[in-house]
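The structure under discussion appears below in the form of structure tokens.
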Amino acid sequence: MKRNEIIKPFKKLRIEINSDCNRGCTFCPRDLDESRWKIDKNRKKRVDLYMDTELVKSILEQNMKQGFKAEVGFDFYNEPTLDERILSFAKYAKKIGTP
């Protein structure tokens with residue numbers, strides 16, 4: 001069996017590069033989600049988690065090397081513009097030929 005018969009090529013790839021968002025969009029399914037907060041000394045603080053830069057690049061490279069060539073977005077249940085690396089990821093994706 002050929003690989004394409006086992007794994008159908010996907011058309012879109014969404015990479016959640018950070019865990020944060022303002023959860024203020026009217027359509028957001030996570031607007032009441034408390035997982036963005038941690039309690040530190042009786043005060044709420046945001047949980048700021050970021051995917052490792054090298055992992056993001058690896059996922060982008062695998063998308064191309066394995067022949068999927070899917071359209072890439074850096075959004076899912078997050079706000080990618082809160083991550084200062086967003087433009088560098090977009091430039092890297094373009095550089096390696098991502099559609």
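FYI, nothing fancy with the structure tokens labels: chains A, B, ... in order, residues from 1 per chain, ligands from 1 as they appear.
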Practice problem: Give me the residues within 12 Å of Glu34 of chain A as number ranges by chain, counting only C-alpha atoms and dropping any in the same chain fewer than 3 places off. | Solution: A: 20-23, 30-31, 37-39, 44-47
Go ahead and dump the residues you just picked, C-alpha atoms, as a JSON list (two decimals), in the first residue's frame.
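The resulting file, result.json, is shown below:
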[["chain", "number", "residue", "atom", "x", "y", "z"],
["A", 20, "ASP", "CA", -3.21, 32.45, 25.55],
["A", 21, "CYS", "CA", -6.14, 34.43, 24.28],
["A", 22, "ASN", "CA", -8.36, 37.12, 25.68],
["A", 23, "ARG", "CA", -11.40, 34.82, 25.48],
["A", 30, "ARG", "CA", -13.66, 28.94, 25.83],
["A", 31, "ASP", "CA", -14.95, 32.25, 27.19],
["A", 37, "TRP", "CA", -5.37, 31.17, 35.08],
["A", 38, "LYS", "CA", -3.20, 29.88, 37.88],
["A", 39, "ILE", "CA", -3.36, 30.95, 41.48],
["A", 44, "LYS", "CA", -4.84, 35.02, 39.56],
["A", 45, "LYS", "CA", -2.04, 35.07, 37.00],
["A", 46, "ARG", "CA", -2.23, 34.12, 33.35],
["A", 47, "VAL", "CA", -0.74, 30.83, 32.28]]
Quiz prompt | Test item: residues at most 10 Å from Ile15 of chain A, only C-alpha atoms, excluding those fewer than 6 positions along its chain, as a ChimeraX atom specification | solution = /A:51,56,59-60,72-78,80
Selection above as a file: C-alpha atoms, as a compact mmCIF listing (two decimals), in the first residue's frame:
# COMPACT_ATOMS: atom_id res chain seq x y z
CA MET A 51 5.29 25.91 21.86
CA VAL A 56 7.00 24.71 15.32
CA ILE A 59 6.07 20.65 12.15
CA LEU A 60 6.26 23.11 9.25
CA VAL A 72 -0.84 26.53 7.61
CA GLY A 73 -2.49 28.68 10.26
CA PHE A 74 -1.20 29.48 13.72
CA ASP A 75 -4.61 29.70 15.32
CA PHE A 76 -6.88 27.25 17.03
CA TYR A 77 -8.13 28.05 20.54
CA ASN A 78 -5.57 30.78 21.02
CA PRO A 80 -1.55 34.00 17.83
Quiz prompt | Polymer residues at most 10 Å from Asn63 of chain A, only C-alpha atoms, same-chain spacing of 6 or more positions, as a ChimeraX atom specification | solution = /A:9-10,13,57,69-72,93,98
Practice problem: Could you give me, as number ranges by chain, each residue of segment 22-92 of chain A that DSSP assigns to strand (DSSP E) when run on this structure's backbone? | Solution: A: 37-40, 43-46, 71-73
Exercise. Have a look at A:Gly97, A:Glu79, A:Asp40, A:Tyr50 and name the one nearest to Gln62 of chain A; count only C-alpha atoms.
Key: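 The shortest atom-to-atom distance to Gln62 of chain A comes from A:Gly97.
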Practice problem: Mind giving me the straight-line distance from atom CA of Phe68 of chain A to atom CA of Ser19 of chain A in Å, one decimal? | Solution: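 Computing it gives 25.5 Å between the two atoms.
Comparing the minimum interatomic distances between Tyr92 of chain A and each of A:Ser58, A:Ser35, A:Asn18, A:Thr26, counting only C-alpha atoms, we find that A:Ser58 sits nearest.
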Quiz item: Between A:Ile17, A:Lys41, A:Glu84, A:Pro29, which one has atoms that come closest to Glu54 of chain A, using only C-alpha atoms?
Solution: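 Nearest to Glu54 of chain A: A:Ile17.
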Self-check item: Pairwise distance for atom CA of Leu82 of chain A and atom CA of Thr53 of chain A, rounded to one decimal in Å
Solution: 14.9 Å
